[in-house]
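Okay, final.tsv is below, TSV, C-alpha atoms and all ligand atoms:
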```
chain	number	residue	atom	x	y	z
R	1	ARG	CA	0.00	0.00	0.00
R	2	GLU	CA	1.31	3.46	-0.94
R	3	ILE	CA	0.88	6.01	1.74
R	4	VAL	CA	0.61	9.81	2.01
R	5	VAL	CA	2.91	11.09	4.77
R	6	ALA	CA	2.90	14.58	6.29
R	7	VAL	CA	5.92	15.86	8.21
R	8	ALA	CA	4.90	18.65	10.60
R	9	GLY	CA	7.98	20.70	11.51
R	10	ALA	CA	9.78	19.68	8.30
R	11	THR	CA	12.20	22.64	8.44
R	12	GLY	CA	13.42	21.82	11.98
R	13	ALA	CA	16.41	19.76	13.11
R	14	VAL	CA	14.28	16.62	13.66
R	15	GLY	CA	11.97	17.26	10.68
R	16	ARG	CA	14.88	17.40	8.25
R	17	GLU	CA	16.28	14.19	9.74
R	18	MET	CA	12.84	12.60	9.23
R	19	LEU	CA	12.92	13.48	5.53
R	20	LYS	CA	16.43	12.04	5.25
R	21	ILE	CA	15.41	8.77	6.95
R	22	LEU	CA	12.18	8.41	4.92
R	23	GLU	CA	14.40	8.59	1.85
R	24	GLU	CA	17.14	6.28	3.18
R	25	ARG	CA	14.68	3.59	4.22
R	26	LYS	CA	12.64	3.88	1.02
R	27	PHE	CA	9.50	4.44	3.06
R	28	PRO	CA	6.51	3.39	0.90
R	29	ALA	CA	5.12	6.92	0.48
R	30	LYS	CA	3.42	8.06	-2.70
R	31	GLU	CA	3.48	11.64	-1.41
R	32	ILE	CA	5.45	13.44	1.30
R	33	ARG	CA	3.92	16.71	2.48
R	34	PRO	CA	6.32	18.98	4.42
R	35	LEU	CA	4.53	21.32	6.83
R	36	ALA	CA	5.89	24.17	8.97
R	37	SER	CA	4.91	27.62	10.16
R	38	SER	CA	3.81	30.45	7.85
R	39	ARG	CA	7.39	31.77	8.19
R	40	SER	CA	8.74	29.03	5.97
R	41	ALA	CA	5.72	28.30	3.76
R	42	GLY	CA	6.85	28.34	0.12
R	43	SER	CA	10.49	27.56	0.94
R	44	GLY	CA	12.10	24.30	-0.11
R	45	VAL	CA	13.35	21.31	1.88
R	46	GLU	CA	15.73	18.73	0.44
R	47	PHE	CA	14.32	15.33	-0.42
R	48	ALA	CA	15.78	12.57	-2.60
R	49	GLY	CA	18.12	14.87	-4.47
R	50	GLY	CA	15.36	17.39	-5.18
R	51	GLU	CA	13.27	19.84	-3.23
R	52	LEU	CA	9.79	19.69	-1.73
R	53	THR	CA	7.84	22.90	-1.17
R	54	VAL	CA	6.90	23.58	2.43
R	55	GLN	CA	3.23	24.28	3.13
R	56	GLU	CA	1.84	26.14	6.11
R	57	LEU	CA	0.47	23.81	8.79
R	58	THR	CA	-3.26	24.50	9.11
R	59	GLU	CA	-6.37	22.59	10.14
R	60	ASP	CA	-6.80	21.52	6.51
R	61	SER	CA	-3.29	20.08	6.12
R	62	PHE	CA	-4.27	16.48	6.90
R	63	LYS	CA	-6.92	15.84	4.28
R	64	GLY	CA	-5.94	12.67	2.42
R	65	VAL	CA	-2.94	12.06	4.71
R	66	ASP	CA	-2.49	8.52	6.11
R	67	ILE	CA	0.37	9.13	8.57
R	68	ALA	CA	1.54	12.45	10.05
R	69	LEU	CA	4.92	12.65	11.74
R	70	PHE	CA	4.93	15.63	14.13
R	71	SER	CA	8.00	17.45	15.40
R	72	ALA	CA	7.00	21.09	15.60
R	73	GLY	CA	6.90	21.55	19.37
R	74	GLY	CA	4.44	20.68	22.13
R	75	SER	CA	1.86	23.41	21.54
R	76	VAL	CA	1.58	22.61	17.82
R	77	SER	CA	1.06	18.92	18.65
R	78	GLU	CA	-1.45	19.70	21.35
R	79	LYS	CA	-3.56	21.67	18.92
R	80	PHE	CA	-3.11	19.85	15.61
R	81	ALA	CA	-2.59	16.16	16.50
R	82	PRO	CA	-6.26	15.70	17.56
R	83	ILE	CA	-7.40	17.54	14.42
R	84	ALA	CA	-5.32	15.17	12.29
R	85	ALA	CA	-6.57	12.08	14.19
R	86	GLN	CA	-10.18	13.19	13.79
R	87	SER	CA	-9.67	13.36	10.05
R	88	GLY	CA	-8.56	9.70	10.12
R	89	CYS	CA	-4.83	10.32	9.92
R	90	VAL	CA	-2.54	8.39	12.30
R	91	VAL	CA	-0.21	10.78	14.13
R	92	VAL	CA	3.21	9.77	15.43
R	93	ASP	CA	4.10	12.66	17.68
R	94	ASN	CA	7.65	13.45	18.74
R	95	SER	CA	6.69	16.15	21.28
R	96	SER	CA	5.99	15.60	24.96
R	97	ALA	CA	2.33	16.68	24.56
R	98	TRP	CA	0.70	13.22	24.54
R	99	ARG	CA	3.30	10.93	26.09
R	100	MET	CA	1.72	10.46	29.48
R	101	ASP	CA	-1.86	10.54	28.16
R	102	ASP	CA	-3.51	7.14	28.74
R	103	ARG	CA	-5.18	7.36	25.32
R	104	ALA	CA	-1.81	7.45	23.53
R	105	PRO	CA	0.63	4.53	23.46
R	106	LEU	CA	4.26	5.54	24.07
R	107	VAL	CA	6.35	3.30	21.88
R	108	VAL	CA	9.91	2.17	21.21
R	109	PRO	CA	9.60	-0.57	18.57
R	110	GLU	CA	12.37	-2.73	20.09
R	111	VAL	CA	10.67	-2.59	23.51
R	112	ASN	CA	6.85	-2.39	23.33
R	113	PRO	CA	5.61	-2.63	19.72
R	114	GLN	CA	2.51	-4.50	20.95
R	115	ASP	CA	1.23	-1.27	22.54
R	116	LEU	CA	0.52	0.04	19.02
R	117	GLU	CA	-2.36	-2.42	18.69
R	118	LYS	CA	-4.60	-0.27	20.88
R	119	HIS	CA	-3.83	3.12	19.32
R	120	ASN	CA	-6.58	5.71	18.86
R	121	GLY	CA	-4.94	7.90	16.23
R	122	ILE	CA	-2.14	9.48	18.27
R	123	ILE	CA	1.02	7.56	19.12
R	124	ALA	CA	3.69	9.28	21.18
R	125	ASN	CA	7.40	9.02	20.49
R	126	PRO	CA	9.38	9.16	23.75
R	127	ASN	CA	12.00	11.70	24.75
R	128	CYS	CA	15.41	11.06	23.15
R	129	SER	CA	17.26	10.34	26.38
R	130	THR	CA	14.54	7.87	27.44
R	131	ILE	CA	14.55	5.98	24.13
R	132	GLN	CA	18.24	5.11	24.11
R	133	MET	CA	18.07	4.10	27.77
R	134	VAL	CA	15.09	1.72	27.45
R	135	VAL	CA	16.48	0.03	24.33
R	136	VAL	CA	19.35	-1.14	26.55
R	137	LEU	CA	17.38	-1.66	29.77
R	138	LYS	CA	14.61	-3.85	28.30
R	139	PRO	CA	16.69	-6.99	27.62
R	140	LEU	CA	18.39	-6.64	31.02
R	141	HIS	CA	14.99	-6.22	32.70
R	142	ASP	CA	13.76	-9.38	30.95
R	143	ALA	CA	16.84	-11.25	32.18
R	144	GLY	CA	17.07	-10.02	35.77
R	145	THR	CA	14.22	-7.59	36.64
R	146	ILE	CA	15.51	-4.06	37.15
R	147	LYS	CA	14.58	-2.57	40.53
R	148	ARG	CA	16.36	0.78	40.33
R	149	VAL	CA	18.11	2.97	37.76
R	150	VAL	CA	20.45	5.90	38.45
R	151	VAL	CA	21.22	7.82	35.25
R	152	SER	CA	23.26	10.91	34.41
R	153	THR	CA	23.12	12.27	30.88
R	154	TYR	CA	25.48	14.25	28.66
R	155	GLN	CA	23.14	15.68	26.04
R	156	ALA	CA	23.94	17.33	22.72
R	157	VAL	CA	22.62	20.79	21.83
R	158	SER	CA	20.76	19.45	18.78
R	159	GLY	CA	18.19	18.11	21.29
R	160	THR	CA	17.09	21.72	21.73
R	161	GLY	CA	16.74	22.31	17.99
R	162	GLN	CA	18.41	24.17	15.16
R	163	LYS	CA	18.74	27.43	17.08
R	164	ALA	CA	20.90	25.75	19.74
R	165	ILE	CA	23.15	24.15	17.11
R	166	ASP	CA	23.65	27.67	15.70
R	167	GLU	CA	24.25	29.08	19.18
R	168	LEU	CA	27.05	26.64	20.08
R	169	GLN	CA	28.68	27.25	16.70
R	170	GLY	CA	28.36	31.04	17.15
R	171	GLN	CA	29.75	31.01	20.69
R	172	VAL	CA	32.80	28.95	19.69
R	173	ARG	CA	33.42	31.39	16.82
R	174	ASP	CA	32.95	34.42	19.11
R	175	LEU	CA	35.34	33.04	21.74
R	176	PHE	CA	38.07	32.27	19.20
R	177	ASN	CA	37.68	35.83	17.91
R	178	MET	CA	38.11	37.25	21.44
R	179	GLN	CA	34.52	38.50	21.45
R	180	ASP	CA	31.86	38.12	24.12
R	181	PRO	CA	29.76	35.09	23.13
R	182	ARG	CA	26.08	35.76	22.54
R	183	VAL	CA	23.82	33.86	24.95
R	184	ASN	CA	20.20	33.49	23.82
R	185	VAL	CA	19.01	29.89	23.86
R	186	TYR	CA	20.25	28.67	27.25
R	187	PRO	CA	20.47	30.70	30.48
R	188	HIS	CA	24.28	30.43	30.37
R	189	ARG	CA	27.05	29.94	27.83
R	190	ILE	CA	27.15	26.36	26.50
R	191	ALA	CA	30.49	26.55	24.66
R	192	PHE	CA	33.22	24.89	26.81
R	193	ASN	CA	30.69	24.46	29.61
R	194	CYS	CA	28.18	21.93	31.05
R	195	LEU	CA	24.69	22.95	32.18
R	196	PRO	CA	22.93	20.70	34.73
R	197	HIS	CA	19.67	22.03	33.42
R	198	ILE	CA	17.54	20.63	30.57
R	199	ASP	CA	14.00	21.91	30.09
R	200	VAL	CA	12.32	23.74	33.00
R	201	PHE	CA	12.72	23.19	36.74
R	202	LEU	CA	9.70	21.65	38.50
R	203	ASP	CA	8.42	22.02	42.07
R	204	ASN	CA	10.48	19.01	43.22
R	205	ASP	CA	13.72	20.72	41.96
R	206	TYR	CA	14.17	18.09	39.25
R	207	THR	CA	13.94	19.28	35.65
R	208	LYS	CA	11.15	18.27	33.32
R	209	GLU	CA	13.71	16.31	31.26
R	210	GLU	CA	14.68	14.32	34.38
R	211	MET	CA	11.06	13.53	35.19
R	212	LYS	CA	10.43	12.49	31.57
R	213	MET	CA	13.12	9.83	32.02
R	214	VAL	CA	11.46	8.65	35.24
R	215	ASN	CA	7.85	8.54	34.03
R	216	GLU	CA	8.29	7.54	30.40
R	217	THR	CA	10.52	4.59	31.35
R	218	LYS	CA	7.76	3.09	33.51
R	219	LYS	CA	5.13	3.52	30.80
R	220	ILE	CA	7.25	2.08	27.97
R	221	MET	CA	8.51	-0.87	30.03
R	222	GLY	CA	4.96	-1.43	31.32
R	223	ASP	CA	6.30	-1.66	34.88
R	224	ASP	CA	5.56	1.00	37.47
R	225	SER	CA	7.81	-0.67	40.01
R	226	ILE	CA	11.07	0.36	38.30
R	227	ARG	CA	12.51	3.26	40.29
R	228	VAL	CA	14.45	5.77	38.20
R	229	THR	CA	16.40	8.83	39.29
R	230	ALA	CA	18.06	11.12	36.75
R	231	THR	CA	20.41	14.10	36.42
R	232	THR	CA	20.32	15.53	32.92
R	233	VAL	CA	23.16	17.72	31.67
R	234	ARG	CA	23.64	19.72	28.47
R	235	VAL	CA	27.18	19.45	27.11
R	236	PRO	CA	28.88	21.26	24.21
R	237	VAL	CA	28.40	18.41	21.74
R	238	PHE	CA	26.44	18.90	18.50
R	239	TYR	CA	24.99	15.42	17.89
R	240	GLY	CA	24.68	12.34	20.14
R	241	HIS	CA	23.48	11.96	23.72
R	242	SER	CA	25.63	9.95	26.17
R	243	GLU	CA	24.41	8.41	29.41
R	244	SER	CA	26.03	6.88	32.47
R	245	ILE	CA	23.53	4.31	33.74
R	246	ASN	CA	23.69	2.34	36.98
R	247	ILE	CA	21.13	-0.42	37.49
R	248	GLU	CA	20.19	-2.71	40.35
R	249	THR	CA	18.48	-5.98	39.49
R	250	VAL	CA	16.58	-8.62	41.46
R	251	LYS	CA	18.58	-11.45	39.90
R	252	LYS	CA	22.34	-11.11	39.48
R	253	ILE	CA	23.58	-10.43	35.95
R	254	SER	CA	27.36	-10.60	35.57
R	255	ALA	CA	29.13	-8.15	33.26
R	256	LYS	CA	29.87	-11.07	30.93
R	257	GLU	CA	26.22	-12.11	30.88
R	258	ALA	CA	25.12	-8.51	30.30
R	259	ARG	CA	27.48	-8.25	27.32
R	260	ALA	CA	26.06	-11.47	25.85
R	261	ILE	CA	22.46	-10.33	26.41
R	262	LEU	CA	23.09	-6.91	24.87
R	263	PHE	CA	24.99	-8.47	21.96
R	264	GLN	CA	21.72	-10.19	20.98
R	265	ALA	CA	19.45	-7.23	21.70
R	266	PRO	CA	17.64	-5.57	18.76
R	267	GLY	CA	18.84	-2.05	17.94
R	268	VAL	CA	21.84	-2.36	20.28
R	269	GLU	CA	25.52	-2.52	19.40
R	270	VAL	CA	28.08	-3.46	22.05
R	271	LEU	CA	31.36	-1.50	21.87
R	272	ASP	CA	33.22	-2.69	24.92
R	273	ASN	CA	36.94	-3.32	24.70
R	274	PRO	CA	38.59	-0.92	27.12
R	275	ARG	CA	42.08	-2.36	26.54
R	276	GLU	CA	41.86	-1.17	22.93
R	277	ASN	CA	40.20	2.13	23.99
R	278	ILE	CA	36.94	0.96	22.46
R	279	TYR	CA	33.77	2.37	23.98
R	280	PRO	CA	30.81	4.32	22.59
R	281	MET	CA	31.36	8.01	21.78
R	282	ALA	CA	29.03	10.70	20.50
R	283	ILE	CA	31.27	11.48	17.53
R	284	ASN	CA	30.87	7.91	16.28
R	285	ALA	CA	27.18	7.51	17.13
R	286	ALA	CA	26.23	10.62	15.15
R	287	GLY	CA	24.60	9.57	11.89
R	288	GLU	CA	24.13	5.97	13.06
R	289	ASP	CA	20.91	4.09	13.81
R	290	ALA	CA	22.09	1.82	16.64
R	291	THR	CA	22.17	2.52	20.34
R	292	PHE	CA	25.75	1.84	21.45
R	293	VAL	CA	26.65	0.40	24.85
R	294	GLY	CA	30.01	-0.15	26.50
R	295	ARG	CA	31.96	0.22	29.77
R	296	ILE	CA	29.85	-2.68	31.07
R	297	ARG	CA	31.00	-3.34	34.65
R	298	GLU	CA	29.63	-4.89	37.81
R	299	ASP	CA	28.91	-2.38	40.56
R	300	ASP	CA	30.61	-3.83	43.64
R	301	THR	CA	28.85	-1.47	46.06
R	302	ILE	CA	25.61	-3.49	45.81
R	303	ASP	CA	24.81	-7.20	45.38
R	304	ASN	CA	23.29	-7.07	41.89
R	305	GLY	CA	24.47	-3.92	40.15
R	306	LEU	CA	25.79	-2.94	36.74
R	307	ASN	CA	27.31	0.22	35.27
R	308	LEU	CA	26.82	1.02	31.59
R	309	TRP	CA	27.72	3.81	29.16
R	310	VAL	CA	25.08	4.30	26.46
R	311	VAL	CA	25.30	6.59	23.42
R	312	ALA	CA	22.94	7.21	20.48
R	313	ASP	CA	22.23	9.84	17.85
R	314	ASN	CA	19.51	11.88	19.54
R	315	LEU	CA	18.04	13.14	16.26
R	316	ARG	CA	17.91	9.63	14.78
R	317	LYS	CA	17.15	6.87	17.33
R	318	GLY	CA	16.18	9.57	19.83
R	319	ALA	CA	13.64	11.18	17.50
R	320	ALA	CA	13.26	10.85	13.73
R	321	LEU	CA	14.30	7.20	13.33
R	322	ASN	CA	12.16	5.93	16.20
R	323	THR	CA	9.18	7.86	14.78
R	324	ILE	CA	9.65	6.29	11.36
R	325	GLN	CA	10.20	2.82	12.86
R	326	ILE	CA	6.82	3.28	14.58
R	327	ALA	CA	5.26	4.20	11.22
R	328	GLU	CA	6.84	1.09	9.63
R	329	GLU	CA	5.53	-1.08	12.47
R	330	LEU	CA	2.04	0.41	11.94
R	331	ILE	CA	2.19	-0.59	8.29
R	332	SER	CA	3.44	-4.11	8.96
R	333	ARG	CA	0.72	-4.65	11.60
R	334	ASP	CA	-1.94	-3.16	9.30
R	335	LEU	CA	-2.72	-0.42	11.83
R	336	VAL	CA	-2.68	2.64	9.54
R	337	ARG	CA	-6.26	3.62	10.38
R	338	VAL	CA	-8.17	5.29	13.18
R	339	ASN	CA	-11.01	3.11	14.42
R	340	ASP	CA	-12.68	5.66	16.67
R	341	THR	CA	-12.03	9.25	15.59
R	342	SER	CA	-13.81	10.61	18.68
R	343	VAL	CA	-11.22	9.55	21.26
R	344	PHE	CA	-9.23	12.78	21.00
R	345	ALA	CA	-12.18	15.01	20.05
H	401	LIG	P1	9.54	27.07	10.98
H	401	LIG	O1	10.87	26.72	10.40
H	401	LIG	O2	8.59	27.57	9.96
H	401	LIG	O3	9.62	27.93	12.20
H	401	LIG	P2	13.45	23.13	15.66
H	401	LIG	O4	13.05	22.10	16.69
H	401	LIG	O5	14.68	22.76	14.93
H	401	LIG	O6	13.51	24.51	16.25
H	401	LIG	O7	12.25	23.15	14.57
H	401	LIG	C1	10.93	23.42	14.89
H	401	LIG	C2	10.02	23.08	13.71
H	401	LIG	O8	8.66	23.35	14.10
H	401	LIG	C3	10.28	23.94	12.49
H	401	LIG	O9	10.01	23.18	11.32
H	401	LIG	C4	9.25	25.04	12.66
H	401	LIG	O10	8.89	25.68	11.44
H	401	LIG	C5	8.08	24.26	13.18
H	401	LIG	N1	7.13	25.13	13.86
H	401	LIG	C6	7.35	25.93	14.92
H	401	LIG	N2	6.23	26.60	15.25
H	401	LIG	C7	5.27	26.22	14.39
H	401	LIG	C8	3.89	26.54	14.20
H	401	LIG	N3	3.27	27.40	14.99
H	401	LIG	N4	3.22	25.94	13.18
H	401	LIG	C9	3.84	25.05	12.38
H	401	LIG	N5	5.14	24.70	12.51
H	401	LIG	C10	5.85	25.27	13.49
H	402	LIG	C1	16.85	17.58	24.68
H	402	LIG	N1	15.56	15.60	25.23
H	402	LIG	O1	17.85	16.90	24.43
H	402	LIG	C2	15.50	16.97	24.80
H	402	LIG	C3	14.83	17.17	23.47
H	402	LIG	O2	10.63	15.94	25.22
H	402	LIG	O3	10.98	15.63	23.11
H	402	LIG	C4	13.51	16.50	23.33
H	402	LIG	C5	12.46	17.04	24.25
H	402	LIG	C6	11.27	16.15	24.19
H	402	LIG	O4	16.88	18.79	24.84
```
Could you write out this file's structure as structure tokens?
Ligand code: A2P
Ligand code: 11C
Amino acid sequence: REIVVAVAGATGAVGREMLKILEERKFPAKEIRPLASSRSAGSGVEFAGGELTVQELTEDSFKGVDIALFSAGGSVSEKFAPIAAQSGCVVVDNSSAWRMDDRAPLVVPEVNPQDLEKHNGIIANPNCSTIQMVVVLKPLHDAGTIKRVVVSTYQAVSGTGQKAIDELQGQVRDLFNMQDPRVNVYPHRIAFNCLPHIDVFLDNDYTKEEMKMVNETKKIMGDDSIRVTATTVRVPVFYGHSESINIETVKKISAKEARAILFQAPGVEVLDNPRENIYPMAINAAGEDATFVGRIREDDTIDNGLNLWVVADNLRKGAALNTIQIAEELISRDLVRVNDTSVFA
């Protein structure tokens, strides 16, 4: 079946990656409709060696569209995803707007593809730092039941969007030219700095990004008993989020067993040979589809503990690729339809 696909936010950092991946994976689309704000309507976006003309995203944009991939920010998704679903279009939404809504499955295809079966027209794509973590945690949870996770992240500026990529570039240029760097996107300079601050601070003094990792992990893994605590940090890296993850399991998993389990795990690549200086790094993960894991060690401070270092391309597995894998899974399960268009009305 040939499908009409809309990409909402097609001019953004994730939207452009979506177009690239649709092309790379030869997604069975007979039409791709790039949508963005009125600011970029009429401009061109690259696709398959040519250009597609961007249209303004309006309430009428979804007529005749089978699947809409959204990455235009939370407020755009909040408003337009239900409109699209009501017109019979299946939305895969990369924003945080619908993730914790019981009506929307939150899916990582390697972890919980079965949750797609009960979709009502809006499917949520998890936060980038959550996706790469659960891809690695799921097979370990299946093997030994994870009780607790302590994670610290080292997140690239591309997670914030194109304007943050431009800001890091601009600040590095300013500093090398002995000029005061311009600070607009983040509250402080990001060049040659680390900010323990991603998204807004909440009443409990955690950031929203940290609480996304806590709450989304439980929903995706389908297990509310997993306790997660996170510290999320922005680092001056363009592409690729890195994470230091410590887990405690009910059943002991040795480092050797963990390596063997992860070696078999879908979407995971083990890079773990410290003697040869081999471990995952953001510079190598950028542009790749896999989630890379290394530095696999037993944590001797508890009975059943492991330390892991996990890296993935945040715009690909963390966003655009996972979204398109969800769309592919919808096609292969024959789920590209909305049974009850009133659920999000
Ligand atoms: P535009 O380029 O027209 O502003 P990023 O995450 O890289 O900042 O990209 C955000 C994406 O979301 C862009 O494609 C942007 O389009 C789009 N976008 C932002 N606000 C709106 C809006 N109100 N309606 C439609 N698209 C929007
Ligand atoms: C970041 N994780 O790196 C964020 C970006 O909830 O989809 C994605 C935010 C989200 O800044």
Exercise for the section: Would you please work out which residue, of R:Ile220, R:Ala255, R:Val237, R:Leu195, is nearest to R:Pro109 when using all atoms listed in the file? Expected result: R:Ile220
Practice task
Measure the distance from atom CA of R:Arg25 to atom CA of R:Ala48 in Å and round it to one decimal.
Solution key: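 Going from atom CA of R:Arg25 over to atom CA of R:Ala48 covers 11.3 Å.
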Handout entry: Contacts with ligand LIG 401 (chain H) at most 6 Å, only C-alpha atoms and all ligand atoms counted, listed as a VMD selection string
Key = chain R and resid 9 to 13 36 to 40 57 72 to 73 76 161 to 162
Problem - Selection near stretch 99-103 of chain R, 8 Å with only C-alpha atoms, sequence-local residues under 6 positions removed, as a PyMOL selection string - result: chain R and resi 119-120+122+124-126+215-216+219+343
Exercise for the section: Enumerate as a list in words the residues within 6 Å of ligand LIG 402 (chain H), counting all atoms listed in the file. Expected result: Asn94, Ser95, Ser96, Asn127, Cys128, Ser129, Gln155, Gly159 and Thr160 of chain R
Fill in the blank from the handout: With distances taken over only C-alpha atoms, the candidate from R:Val90, R:Ile302, R:Val172, R:Ala320 nearest R:Val336 is R:Val90
Problem - Residue nearest R:Asn284 among R:Asn339, R:Asn322, R:Ser242, R:Ser71 (counting all atoms listed in the file) - result: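 Smallest distance to R:Asn284 is found for R:Ser242.
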Completion exercise
Here atom CA of R:Gly42 and atom CA of R:Gly15 stand apart by 16.1 Å
Exercise for the section: Kindly give the distance, in Å, that separates atom CA of R:Gly88 and atom CA of R:Gly74, rounded to a single decimal. Expected result: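 These two atoms are separated by 20.8 Å.
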Handout entry: Polymer residues at most 7 Å from (28.9, -6.3, 34.2) by all atoms listed in the file, as a VMD selection string
Key = chain R and resid 253 to 256 258 296 to 298 306 to 307
Problem - Selected residue, from R:Gly287, R:Gly64, R:Pro274, R:Pro181, that lies nearest to R:Phe238 when counting all atoms listed in the file - result: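 Answer, going by the shortest atom-to-atom distance: R:Gly287.
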Exercise for the section: Can you work out which one of R:Lys252, R:Arg1, R:Lys218, R:His197 has the shortest atom-to-atom distance to R:Asp303, counting all atoms listed in the file? Expected result: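 Among the listed residues, R:Lys252 lies closest to R:Asp303.
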Practice task
Give the answer as one residue: which of R:Asn112, R:Gln132, R:Thr249, R:Ser75 has the shortest atom-to-atom distance to R:Glu269, using all atoms listed in the file?
Solution key: R:Gln132
Exercise for the section: Would you list the residues near (-4.3, 10.3, 7.2) (no more than 9 Å away, in the coordinates of the file, using all atoms listed in the file) as a list in words? Expected result: Ile3, Val4, Val5, Ala6, Phe62, Lys63, Gly64, Val65, Asp66, Ile67, Ala68, Ala84, Ala85, Ser87, Gly88, Cys89, Val90, Val91, Val336, Arg337 and Val338 of chain R
Output as lines of an AutoDock Vina configuration file the centre and edge lengths (Å, one decimal) of the box along x, y and z of the file that holds every listed atom of stretch 331-340 of chain R after adding 3 Å on each side.
```
center_x = -4.6
center_y = 0.5
center_z = 12.5
size_x = 22.1
size_y = 16.3
size_z = 14.4
```
Problem - Residue contacts of R:Gly294 (10 Å, all atoms listed in the file) excluding same-chain residues fewer than 3 positions away, as a PyMOL selection string - result: chain R and resi 259+262+269-274+278-281+297+307-311
Handout entry: Spatial neighbours of stretch 226-234 of chain R, max dist 10 Å, all atoms listed in the file, sep filter under 5 positions, as an MDAnalysis selection string
Key = chainID R and resid 129 141 145:157 159:160 186 190 193:199 206:215 217:218 221 241:249
Go ahead and write the selection's residues with C-alpha atoms as an mmCIF file, in the frame of the given file.
```cif
data_model
loop_
_atom_site.group_PDB
_atom_site.id
_atom_site.type_symbol
_atom_site.label_atom_id
_atom_site.label_comp_id
_atom_site.auth_asym_id
_atom_site.auth_seq_id
_atom_site.Cartn_x
_atom_site.Cartn_y
_atom_site.Cartn_z
ATOM 1 C CA SER R 129 17.260 10.340 26.380
ATOM 2 C CA HIS R 141 14.990 -6.220 32.700
ATOM 3 C CA THR R 145 14.220 -7.590 36.640
ATOM 4 C CA ILE R 146 15.510 -4.060 37.150
ATOM 5 C CA LYS R 147 14.580 -2.570 40.530
ATOM 6 C CA ARG R 148 16.360 0.780 40.330
ATOM 7 C CA VAL R 149 18.110 2.970 37.760
ATOM 8 C CA VAL R 150 20.450 5.900 38.450
ATOM 9 C CA VAL R 151 21.220 7.820 35.250
ATOM 10 C CA SER R 152 23.260 10.910 34.410
ATOM 11 C CA THR R 153 23.120 12.270 30.880
ATOM 12 C CA TYR R 154 25.480 14.250 28.660
ATOM 13 C CA GLN R 155 23.140 15.680 26.040
ATOM 14 C CA ALA R 156 23.940 17.330 22.720
ATOM 15 C CA VAL R 157 22.620 20.790 21.830
ATOM 16 C CA GLY R 159 18.190 18.110 21.290
ATOM 17 C CA THR R 160 17.090 21.720 21.730
ATOM 18 C CA TYR R 186 20.250 28.670 27.250
ATOM 19 C CA ILE R 190 27.150 26.360 26.500
ATOM 20 C CA ASN R 193 30.690 24.460 29.610
ATOM 21 C CA CYS R 194 28.180 21.930 31.050
ATOM 22 C CA LEU R 195 24.690 22.950 32.180
ATOM 23 C CA PRO R 196 22.930 20.700 34.730
ATOM 24 C CA HIS R 197 19.670 22.030 33.420
ATOM 25 C CA ILE R 198 17.540 20.630 30.570
ATOM 26 C CA ASP R 199 14.000 21.910 30.090
ATOM 27 C CA TYR R 206 14.170 18.090 39.250
ATOM 28 C CA THR R 207 13.940 19.280 35.650
ATOM 29 C CA LYS R 208 11.150 18.270 33.320
ATOM 30 C CA GLU R 209 13.710 16.310 31.260
ATOM 31 C CA GLU R 210 14.680 14.320 34.380
ATOM 32 C CA MET R 211 11.060 13.530 35.190
ATOM 33 C CA LYS R 212 10.430 12.490 31.570
ATOM 34 C CA MET R 213 13.120 9.830 32.020
ATOM 35 C CA VAL R 214 11.460 8.650 35.240
ATOM 36 C CA ASN R 215 7.850 8.540 34.030
ATOM 37 C CA THR R 217 10.520 4.590 31.350
ATOM 38 C CA LYS R 218 7.760 3.090 33.510
ATOM 39 C CA MET R 221 8.510 -0.870 30.030
ATOM 40 C CA HIS R 241 23.480 11.960 23.720
ATOM 41 C CA SER R 242 25.630 9.950 26.170
ATOM 42 C CA GLU R 243 24.410 8.410 29.410
ATOM 43 C CA SER R 244 26.030 6.880 32.470
ATOM 44 C CA ILE R 245 23.530 4.310 33.740
ATOM 45 C CA ASN R 246 23.690 2.340 36.980
ATOM 46 C CA ILE R 247 21.130 -0.420 37.490
ATOM 47 C CA GLU R 248 20.190 -2.710 40.350
ATOM 48 C CA THR R 249 18.480 -5.980 39.490
#
```
Can stretch 314-320 of chain R be brought up to N, CA and C atoms and written out as a PDB file, in the frame of the given file?
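Output file rebuild.pdb follows:
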```pdb
ATOM      1  N   ASN R 314      20.784  11.416  18.977  1.00  0.00           N
ATOM      2  CA  ASN R 314      19.510  11.880  19.540  1.00  0.00           C
ATOM      3  C   ASN R 314      18.517  12.308  18.479  1.00  0.00           C
ATOM      4  N   LEU R 315      18.983  12.746  17.314  1.00  0.00           N
ATOM      5  CA  LEU R 315      18.040  13.140  16.260  1.00  0.00           C
ATOM      6  C   LEU R 315      17.536  11.927  15.494  1.00  0.00           C
ATOM      7  N   ARG R 316      18.318  10.839  15.519  1.00  0.00           N
ATOM      8  CA  ARG R 316      17.910   9.630  14.780  1.00  0.00           C
ATOM      9  C   ARG R 316      17.173   8.675  15.729  1.00  0.00           C
ATOM     10  N   LYS R 317      17.894   7.795  16.448  1.00  0.00           N
ATOM     11  CA  LYS R 317      17.150   6.870  17.330  1.00  0.00           C
ATOM     12  C   LYS R 317      16.341   7.651  18.363  1.00  0.00           C
ATOM     13  N   GLY R 318      16.881   8.790  18.820  1.00  0.00           N
ATOM     14  CA  GLY R 318      16.180   9.570  19.830  1.00  0.00           C
ATOM     15  C   GLY R 318      14.940  10.282  19.327  1.00  0.00           C
ATOM     16  N   ALA R 319      14.780  10.398  18.010  1.00  0.00           N
ATOM     17  CA  ALA R 319      13.640  11.180  17.500  1.00  0.00           C
ATOM     18  C   ALA R 319      13.170  10.639  16.155  1.00  0.00           C
ATOM     19  N   ALA R 320      13.792  11.116  15.065  1.00  0.00           N
ATOM     20  CA  ALA R 320      13.260  10.850  13.730  1.00  0.00           C
ATOM     21  C   ALA R 320      13.213   9.357  13.393  1.00  0.00           C
TER      22      ALA R 320
END
```
